[in-house]
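S.K.: Dumping the structure here so I can ask a few things about it.
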Protein chains: 2
Amino acid sequence: MRIARFTTGDDPRFGAVGQDDSGETVIAVLEGDPLYRSPQLTGEKLALADVRLLAPVIPRSKVIGVGRNYADHAAELDNPLPEEPLLFLKPNTSVIGPDEPIVLPPQTSEVHYEAELAVVIGRIAKSVPRDRVSEVIFGYTCGNDVTARDLQKKDHQWARAKGFDTFCPLGPWIETDLDPSDLAVRCRVGGEERQNGRTSQMVFDVATLIEYVSAAFTLLPGDVILTGTPSGVGPMTAGDHVTVTVEGIGVLSNPVVAAE
Amino acid sequence: MRIARFTTGDDPRFGAVGQDDSGETVIAVLEGDPLYRSPQLTGEKLALADVRLLAPVIPRSKVIGVGRNYADHAAELDNPLPEEPLLFLKPNTSVIGPDEPIVLPPQTSEVHYEAELAVVIGRIAKSVPRDRVSEVIFGYTCGNDVTARDLQKKDHQWARAKGFDTFCPLGPWIETDLDPSDLAVRCRVGGEERQNGRTSQMVFDVATLIEYVSAAFTLLPGDVILTGTPSGVGPMTAGDHVTVTVEGIGVLSNPVVAAE
C-alpha cells in the first residue's frame, strides 16, 4: 500500500494512493494516522491532482542518517569505509515534503543533494535482531539528505551541515510493501542524471542498520532512517529542481531557492 | 517560578514548586502544560515528597548539545577551542528525569558524566538576535550530557556516544526566573565533588548560543540546549550515584546501573 499524507487546505489527512477503474490516480482517504491505527477507509476518494502532498511522516523523535554506506560514495569524498555504521542525527525541523523548496542558508556556499532510501519505523523497538526487523518497519519513502558540504568539513560534527531547516525532503508517500534489497536510487538535477546506484551496493543493509541503530536508541513510530547515498553527489544552486527516485516507491521533487 | 512535571501514579501533570506557610515544600498543580499556555493554578496542592518528579520537559523536536564550551574542559581532553559553537544532537529518547537510572550500555566501557546548564525554549523561533533571546527562553534546568567517551573517540560522529537511551537526564524542574551569566555548575559522584565550574567561564554564552543555533534550526517549544560542561569529567560505574547541581535551580540526581 502507498500511504500519502496530504492536505486540501485544512488539517493534514492520510490516504492510500492507487488507480481507479478509469486509470486515474486517486487517494482513498483513511481514518486517522495509519502509523498509530490499522488503515481504515473513510470511503472518500480524491484525485491525486486535487490534493497537495505533504511529508508522509513528521518524526516525533528522530531522523537517523548513515554516512558512507555506499563504497563508491565514500571513495568519491576520499573517505575510508566505516567498520560499523556511521550514525548521525537530523532534527525533525529539517523535514519538508514534495515540492516544498530546499532553502539555501547564507552560512554555506556549497549545498549538495544526496538521494537515499528512507525507512519509516512503525513500532516502538529496542535491540531488534536482524531476523525480526521486518516487524518494526512501517514502510519506505524517498529521502534527500541535503548537506552543506563546506560546513560538514569545517564543523567537527555534522549536526548543523545536515540539520538546517528544509534539509530533509521526504516523500512522495510511504510504500509499505517493498523488498529494499536491490532498488535503483537515482537523483536528477534539472533533468540531468547525477546519481544512479542500487541499494544492493550498501555497505550495511537495511536489516543490519536497524539492528545496529536499535541497539543504541529506542526507535519510535515515525522515526526515519536514511540509509546512505550512492556516488555522484554534487552541488545544487538556486533555481535548480532536484528529483530523487527510488525504484518501487516514486519520485520526490523539490525546487531549490536562496534564503530571503 | 519553578515548574515541575510530576506523577502521582497517573498521567504526568505540571506544578509550581514552592514553600507553604509551614515551610514544607509543595507543588501547586497547574492546568495543562505551561509550555503551551500561561500557568494557571488548579488550587490543588501536593507535598513534594508525595509525588514522583519526571523530566521537566520531553522535547518534541531536539536536544542540542554544545561541545568544548568551557576552555578548561576542552584542554583536559586535549581538544582545541572551537572558533564557533560546536553543535551536536541528542535524541529525545535519551531523556530521563530525576532519580531514573542511567543505564550503561554493553557497547561501551567508559561512560562519563557531564554536568551542564540546560536552556528550555518556550517559543517557536528562527534567527533570534542576541538582544532578543530572553523572549524565546522558557527557563533553565540541570542537565547531564552523559557520554560514552570510548565510542565518542571511535565513532566519527557523536550521535551514538551521546544518544543512548537514558543519556540525557534533565531536572529536577524548570526555573523560569534566572540570570544564567554566572552560576556554579557542579557534579558529584557518590558524594565526592568532580566538577565545579561557573557559567561565566563559557566560551560562548547563552545568548550567543541561541543566536547561533537558531540561525541554523527553527527552535520549537520544549527544545533543550545543553550549554557545555566544565572540566572534571570522568567515568561512572554501576552502583554510582551522580548529582548535577546548578546554582539557583536545584539538584538532579541519578543512579547508575548496568544494562540487564
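Ordering of the C-alpha cells sets the chain letters (A, B, ...), residue numbers begin anew at 1 in every chain, and ligands are numbered from 1 in the order given.
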DSSP on the backbone: which residues in stretch 14-146 of chain A end up as helix (DSSP H, G or I)? Give the answer as a ChimeraX atom specification.
M.R.: /A:48-50,71-76,92-94,130-135
S.K.: Write out as JSON, numbers by chain which residues come within 8 Å of stretch 225-237 of chain A when counting only C-alpha atoms, dropping same-chain ones fewer than 6 positions away.
M.R.: {"A": [63, 64, 65, 66, 67, 68, 69, 70, 71, 72, 73, 74, 76, 104, 110, 111, 112, 113, 114, 115, 116, 117, 118, 119, 120, 121, 143, 145, 185, 189, 194, 195, 196, 197, 198, 202, 206, 209, 256, 257, 258]}
S.K.: Take the selection from the previous step and output its residues with N, CA and C atoms, as a compact mmCIF listing (two decimals), in the first residue's frame.
M.R.:
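Contents of selection_22.txt, freshly written:
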```txt
# COMPACT_ATOMS: atom_id res chain seq x y z
N VAL A 63 15.36 11.58 13.04
CA VAL A 63 15.80 11.13 11.73
C VAL A 63 17.26 10.71 11.93
N ILE A 64 17.53 9.45 11.66
CA ILE A 64 18.89 8.92 11.82
C ILE A 64 19.49 8.78 10.44
N GLY A 65 20.63 9.38 10.23
CA GLY A 65 21.34 9.23 8.97
C GLY A 65 22.49 8.25 9.11
N VAL A 66 22.89 7.70 7.97
CA VAL A 66 24.01 6.76 7.95
C VAL A 66 25.02 7.29 6.92
N GLY A 67 26.21 7.57 7.38
CA GLY A 67 27.23 8.14 6.50
C GLY A 67 28.03 7.05 5.80
N ARG A 68 28.49 7.32 4.60
CA ARG A 68 29.44 6.46 3.87
C ARG A 68 28.96 5.01 3.80
N ASN A 69 27.68 4.85 3.39
CA ASN A 69 27.14 3.49 3.35
C ASN A 69 27.14 2.90 1.94
N TYR A 70 27.72 3.62 0.98
CA TYR A 70 27.97 3.08 -0.37
C TYR A 70 29.46 3.29 -0.63
N ALA A 71 30.14 2.23 -1.02
CA ALA A 71 31.61 2.29 -1.16
C ALA A 71 32.03 3.35 -2.17
N ASP A 72 31.30 3.45 -3.29
CA ASP A 72 31.73 4.40 -4.32
C ASP A 72 31.54 5.85 -3.87
N HIS A 73 30.55 6.08 -3.01
CA HIS A 73 30.37 7.44 -2.47
C HIS A 73 31.46 7.77 -1.45
N ALA A 74 31.79 6.83 -0.57
CA ALA A 74 32.88 7.07 0.38
C ALA A 74 34.16 7.41 -0.39
N GLU A 76 34.46 8.70 -3.43
CA GLU A 76 34.46 9.98 -4.16
C GLU A 76 34.76 11.16 -3.25
N LEU A 104 18.54 27.47 0.58
CA LEU A 104 19.99 27.52 0.75
C LEU A 104 20.33 28.56 1.82
N GLU A 110 27.97 25.79 -0.46
CA GLU A 110 28.09 24.51 -1.17
C GLU A 110 27.09 23.52 -0.58
N VAL A 111 25.90 23.48 -1.15
CA VAL A 111 24.85 22.58 -0.65
C VAL A 111 24.65 21.45 -1.65
N HIS A 112 24.80 20.21 -1.16
CA HIS A 112 24.70 19.03 -2.02
C HIS A 112 23.39 18.28 -1.80
N TYR A 113 22.88 17.66 -2.87
CA TYR A 113 21.82 16.66 -2.78
C TYR A 113 22.46 15.31 -2.41
N GLU A 114 21.68 14.45 -1.77
CA GLU A 114 22.07 13.05 -1.53
C GLU A 114 20.80 12.20 -1.59
N ALA A 115 20.60 11.51 -2.69
CA ALA A 115 19.41 10.67 -2.86
C ALA A 115 19.53 9.41 -1.99
N GLU A 116 18.45 9.07 -1.28
CA GLU A 116 18.53 7.93 -0.36
C GLU A 116 17.19 7.19 -0.24
N LEU A 117 17.30 5.91 0.05
CA LEU A 117 16.14 5.14 0.50
C LEU A 117 15.92 5.45 1.98
N ALA A 118 14.70 5.84 2.35
CA ALA A 118 14.37 6.15 3.74
C ALA A 118 13.45 5.08 4.31
N VAL A 119 13.79 4.58 5.49
CA VAL A 119 12.98 3.57 6.17
C VAL A 119 12.14 4.27 7.24
N VAL A 120 10.85 3.99 7.26
CA VAL A 120 9.96 4.57 8.28
C VAL A 120 9.62 3.49 9.29
N ILE A 121 9.88 3.78 10.55
CA ILE A 121 9.65 2.81 11.63
C ILE A 121 8.18 2.85 12.05
N GLY A 143 14.20 9.88 0.26
CA GLY A 143 14.75 10.95 1.09
C GLY A 143 15.88 11.66 0.37
N ASP A 145 19.12 13.67 1.68
CA ASP A 145 19.91 14.04 2.86
C ASP A 145 20.74 15.27 2.50
N VAL A 185 18.39 3.75 -6.95
CA VAL A 185 18.29 5.04 -6.25
C VAL A 185 18.92 6.09 -7.15
N VAL A 189 19.16 16.52 -11.35
CA VAL A 189 19.09 17.96 -11.12
C VAL A 189 18.82 18.60 -12.47
N ARG A 194 22.38 12.61 -12.00
CA ARG A 194 23.61 12.83 -11.22
C ARG A 194 23.98 11.60 -10.38
N GLN A 195 22.98 10.87 -9.92
CA GLN A 195 23.24 9.67 -9.11
C GLN A 195 22.40 8.53 -9.68
N ASN A 196 22.99 7.35 -9.71
CA ASN A 196 22.27 6.17 -10.16
C ASN A 196 22.94 4.94 -9.54
N GLY A 197 22.48 4.59 -8.35
CA GLY A 197 23.04 3.44 -7.64
C GLY A 197 21.96 2.42 -7.35
N ARG A 198 22.33 1.38 -6.65
CA ARG A 198 21.37 0.36 -6.25
C ARG A 198 21.56 0.04 -4.78
N MET A 202 24.80 -1.18 -0.81
CA MET A 202 25.02 -0.66 0.55
C MET A 202 26.10 -1.47 1.27
N VAL A 206 19.67 -2.81 5.13
CA VAL A 206 18.63 -2.27 5.99
C VAL A 206 18.50 -3.06 7.29
N LEU A 209 21.38 -2.21 9.58
CA LEU A 209 21.25 -0.84 10.11
C LEU A 209 20.25 -0.79 11.25
N VAL A 256 14.89 24.43 -5.53
CA VAL A 256 15.95 24.96 -4.67
C VAL A 256 15.90 26.48 -4.76
N VAL A 257 15.85 27.14 -3.59
CA VAL A 257 15.75 28.60 -3.58
C VAL A 257 16.79 29.18 -2.62
N ALA A 258 17.18 30.41 -2.86
CA ALA A 258 18.07 31.11 -1.93
C ALA A 258 17.26 31.60 -0.73
```
S.K.: Show me, as a Markdown table, the residues of chain A having an atom within 7 Å of chain B, each with the closest atom pair and its distance in Å, using only C-alpha atoms.
M.R.:
```
| residue | atom | partner | partner_atom | distance |
| --- | --- | --- | --- | --- |
| A:Arg60 | CA | B:Arg60 | CA | 6.0 |
| A:Ser61 | CA | B:Asn92 | CA | 5.9 |
| A:Lys62 | CA | B:Pro91 | CA | 6.2 |
| A:Leu86 | CA | B:Asp155 | CA | 6.8 |
| A:Leu87 | CA | B:Ala159 | CA | 6.2 |
| A:Phe88 | CA | B:Ala159 | CA | 5.2 |
| A:Leu89 | CA | B:Ala159 | CA | 6.3 |
| A:Pro91 | CA | B:Lys62 | CA | 6.2 |
| A:Asn92 | CA | B:Ser61 | CA | 5.9 |
| A:Thr93 | CA | B:Thr218 | CA | 6.4 |
| A:Asp155 | CA | B:Leu86 | CA | 6.8 |
| A:His156 | CA | B:Leu86 | CA | 6.8 |
| A:Gln157 | CA | B:Gln157 | CA | 6.2 |
| A:Ala159 | CA | B:Phe88 | CA | 5.2 |
| A:Arg160 | CA | B:Ala216 | CA | 6.5 |
| A:Gly163 | CA | B:Phe217 | CA | 6.9 |
| A:Phe164 | CA | B:Ala216 | CA | 5.1 |
| A:Asp165 | CA | B:Phe217 | CA | 5.7 |
| A:Ala216 | CA | B:Phe164 | CA | 5.1 |
| A:Phe217 | CA | B:Phe164 | CA | 5.3 |
| A:Thr218 | CA | B:Thr93 | CA | 6.4 |
```
S.K.: Contacts of stretch 129-140 of chain A at 8 Å or less, counting only C-alpha atoms, minus same-chain residues fewer than 6 places along, as a PyMOL selection string?
M.R.: chain A and resi 35+117-123+174-178+207-208+210-211+249
S.K.: Expressed in Å to a single decimal, how great is the separation between atom CA of A:Pro101 and atom CA of A:Glu260?
M.R.: 12.2 Å
S.K.: Could you give me the residues within stretch 37-237 of chain B that DSSP places in strand (DSSP E or B), as a ChimeraX atom specification?
M.R.: /B:41-47,52-54,63-67,70,86-90,95-96,102-104,111-113,115-121,125,137-144,147-148,168-175,184-189,192-198,202,219,224-226,234-236
S.K.: Go ahead and write the selection's residues with C-alpha atoms as a PDB file, in the first residue's frame.
M.R.:
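Written file, out-v1.pdb:
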```pdb
ATOM      1  CA  LEU B  41      -3.330  27.212  39.264  1.00  0.00           C
ATOM      2  CA  THR B  42      -5.932  24.493  39.768  1.00  0.00           C
ATOM      3  CA  GLY B  43      -5.964  25.122  43.530  1.00  0.00           C
ATOM      4  CA  GLU B  44      -4.726  21.599  44.304  1.00  0.00           C
ATOM      5  CA  LYS B  45      -1.525  21.357  46.353  1.00  0.00           C
ATOM      6  CA  LEU B  46       0.615  18.282  46.965  1.00  0.00           C
ATOM      7  CA  ALA B  47       3.631  17.731  49.177  1.00  0.00           C
ATOM      8  CA  ARG B  52       7.496  11.478  41.673  1.00  0.00           C
ATOM      9  CA  LEU B  53       9.277  14.125  39.629  1.00  0.00           C
ATOM     10  CA  LEU B  54       9.644  13.415  35.899  1.00  0.00           C
ATOM     11  CA  VAL B  63      18.159  18.385  22.309  1.00  0.00           C
ATOM     12  CA  ILE B  64      21.073  20.421  21.004  1.00  0.00           C
ATOM     13  CA  GLY B  65      24.420  19.935  22.691  1.00  0.00           C
ATOM     14  CA  VAL B  66      27.414  22.256  22.579  1.00  0.00           C
ATOM     15  CA  GLY B  67      30.862  20.688  22.670  1.00  0.00           C
ATOM     16  CA  TYR B  70      34.473  25.611  28.636  1.00  0.00           C
ATOM     17  CA  LEU B  86      30.329  23.041  18.119  1.00  0.00           C
ATOM     18  CA  LEU B  87      26.818  21.641  17.832  1.00  0.00           C
ATOM     19  CA  PHE B  88      25.568  18.078  18.137  1.00  0.00           C
ATOM     20  CA  LEU B  89      22.142  16.493  18.639  1.00  0.00           C
ATOM     21  CA  LYS B  90      20.833  14.052  21.241  1.00  0.00           C
ATOM     22  CA  VAL B  95      15.873  11.979  28.088  1.00  0.00           C
ATOM     23  CA  ILE B  96      15.158  10.733  31.616  1.00  0.00           C
ATOM     24  CA  ILE B 102      21.400   5.944  33.788  1.00  0.00           C
ATOM     25  CA  VAL B 103      21.847   2.558  32.083  1.00  0.00           C
ATOM     26  CA  LEU B 104      25.390   1.660  30.967  1.00  0.00           C
ATOM     27  CA  VAL B 111      30.655   6.320  30.318  1.00  0.00           C
ATOM     28  CA  HIS B 112      31.244   9.854  31.606  1.00  0.00           C
ATOM     29  CA  TYR B 113      29.035  12.393  33.414  1.00  0.00           C
ATOM     30  CA  ALA B 115      27.167  18.488  34.335  1.00  0.00           C
ATOM     31  CA  GLU B 116      25.540  21.299  32.366  1.00  0.00           C
ATOM     32  CA  LEU B 117      23.155  24.221  32.468  1.00  0.00           C
ATOM     33  CA  ALA B 118      20.208  23.333  30.180  1.00  0.00           C
ATOM     34  CA  VAL B 119      18.124  26.019  28.468  1.00  0.00           C
ATOM     35  CA  VAL B 120      14.474  25.196  27.709  1.00  0.00           C
ATOM     36  CA  ILE B 121      12.992  27.015  24.714  1.00  0.00           C
ATOM     37  CA  ALA B 125      11.974  30.814  16.974  1.00  0.00           C
ATOM     38  CA  ILE B 137      13.709  31.171  26.713  1.00  0.00           C
ATOM     39  CA  PHE B 138      11.142  29.415  28.883  1.00  0.00           C
ATOM     40  CA  GLY B 139      13.596  28.641  31.663  1.00  0.00           C
ATOM     41  CA  TYR B 140      16.560  26.627  32.840  1.00  0.00           C
ATOM     42  CA  THR B 141      17.136  23.194  34.300  1.00  0.00           C
ATOM     43  CA  CYS B 142      20.066  20.932  35.165  1.00  0.00           C
ATOM     44  CA  GLY B 143      21.327  18.501  32.538  1.00  0.00           C
ATOM     45  CA  ASN B 144      23.766  15.625  32.426  1.00  0.00           C
ATOM     46  CA  THR B 147      28.771  10.413  27.022  1.00  0.00           C
ATOM     47  CA  ALA B 148      30.366   7.086  26.084  1.00  0.00           C
ATOM     48  CA  CYS B 168      20.172  12.837  28.906  1.00  0.00           C
ATOM     49  CA  PRO B 169      18.969  13.259  32.500  1.00  0.00           C
ATOM     50  CA  LEU B 170      17.088  16.564  32.949  1.00  0.00           C
ATOM     51  CA  GLY B 171      15.598  18.129  36.084  1.00  0.00           C
ATOM     52  CA  PRO B 172      14.573  18.481  38.815  1.00  0.00           C
ATOM     53  CA  TRP B 173      12.377  21.331  37.492  1.00  0.00           C
ATOM     54  CA  ILE B 174      12.498  24.375  35.232  1.00  0.00           C
ATOM     55  CA  GLU B 175      13.418  27.663  36.882  1.00  0.00           C
ATOM     56  CA  ALA B 184      28.013  27.446  39.744  1.00  0.00           C
ATOM     57  CA  VAL B 185      27.743  24.124  37.839  1.00  0.00           C
ATOM     58  CA  ARG B 186      28.767  21.134  39.935  1.00  0.00           C
ATOM     59  CA  CYS B 187      28.868  17.370  39.655  1.00  0.00           C
ATOM     60  CA  ARG B 188      29.276  14.866  42.455  1.00  0.00           C
ATOM     61  CA  VAL B 189      29.689  11.126  42.162  1.00  0.00           C
ATOM     62  CA  GLU B 192      32.600  13.367  46.036  1.00  0.00           C
ATOM     63  CA  GLU B 193      32.929  16.567  44.028  1.00  0.00           C
ATOM     64  CA  ARG B 194      34.168  16.018  40.464  1.00  0.00           C
ATOM     65  CA  GLN B 195      33.172  19.188  38.620  1.00  0.00           C
ATOM     66  CA  ASN B 196      32.889  22.730  39.915  1.00  0.00           C
ATOM     67  CA  GLY B 197      32.754  25.431  37.260  1.00  0.00           C
ATOM     68  CA  ARG B 198      30.836  28.624  36.590  1.00  0.00           C
ATOM     69  CA  MET B 202      31.613  29.533  28.908  1.00  0.00           C
ATOM     70  CA  LEU B 219      13.578  26.105  17.623  1.00  0.00           C
ATOM     71  CA  VAL B 224      16.594  21.965  25.013  1.00  0.00           C
ATOM     72  CA  ILE B 225      20.068  23.410  24.578  1.00  0.00           C
ATOM     73  CA  LEU B 226      22.779  21.843  26.721  1.00  0.00           C
ATOM     74  CA  GLY B 234      35.222  11.269  34.359  1.00  0.00           C
ATOM     75  CA  PRO B 235      33.733   7.800  34.446  1.00  0.00           C
ATOM     76  CA  MET B 236      30.675   6.476  36.234  1.00  0.00           C
TER      77      MET B 236
END
```
S.K.: State, in Å with one decimal place, the distance from atom CA of B:Leu30 to atom CA of B:Thr243.
M.R.: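 Between atom CA of B:Leu30 and atom CA of B:Thr243 the gap works out to 27.4 Å.
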S.K.: Go ahead and compute the interatomic distance for atom CA of A:Asp20 and atom CA of A:Ile58, in Å to one decimal.
M.R.: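 Separation of atom CA of A:Asp20 and atom CA of A:Ile58: 28.2 Å.
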S.K.: I'd like the contact shell of stretch 5-7 of chain B - 7 Å cut-off, only C-alpha atoms, skipping same-chain residues fewer than 4 positions apart - returned as a ChimeraX atom specification.
M.R.: /B:11-15,51-56
S.K.: Fewer than 5 positions away in the same chain doesn't count, so skip those; otherwise give me all residues within 9 Å of A:Glu24, counting only C-alpha atoms, as a list in words.
M.R.: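 In the requested form, the answer reads Gly18, Gln19, Ala47 and Leu48 of chain A.
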S.K.: For all heavy atoms, I'd like the residues from the last selection saved as a tab-separated table (two decimals), in the first residue's frame.
M.R.:
```tsv
chain	number	residue	atom	x	y	z
A	18	GLY	N	-3.75	5.00	-5.30
A	18	GLY	CA	-3.91	3.91	-6.26
A	18	GLY	C	-4.62	4.41	-7.52
A	18	GLY	O	-4.88	5.60	-7.67
A	19	GLN	N	-4.92	3.47	-8.42
A	19	GLN	CA	-5.63	3.82	-9.65
A	19	GLN	C	-7.11	3.49	-9.47
A	19	GLN	O	-7.45	2.45	-8.89
A	19	GLN	CB	-5.13	2.97	-10.83
A	19	GLN	CG	-3.63	2.86	-10.96
A	19	GLN	CD	-2.98	4.11	-11.49
A	19	GLN	OE1	-2.09	4.66	-10.87
A	19	GLN	NE2	-3.45	4.57	-12.62
A	47	ALA	N	-8.97	12.94	-6.34
A	47	ALA	CA	-7.95	12.83	-7.38
A	47	ALA	C	-6.62	13.31	-6.80
A	47	ALA	O	-6.58	14.32	-6.08
A	47	ALA	CB	-8.33	13.66	-8.59
A	48	LEU	N	-5.55	12.57	-7.10
A	48	LEU	CA	-4.23	12.97	-6.60
A	48	LEU	C	-3.91	14.41	-7.04
A	48	LEU	O	-3.30	15.18	-6.29
A	48	LEU	CB	-3.16	12.00	-7.14
A	48	LEU	CG	-1.74	12.23	-6.66
A	48	LEU	CD1	-1.61	12.03	-5.15
A	48	LEU	CD2	-0.75	11.30	-7.38
```
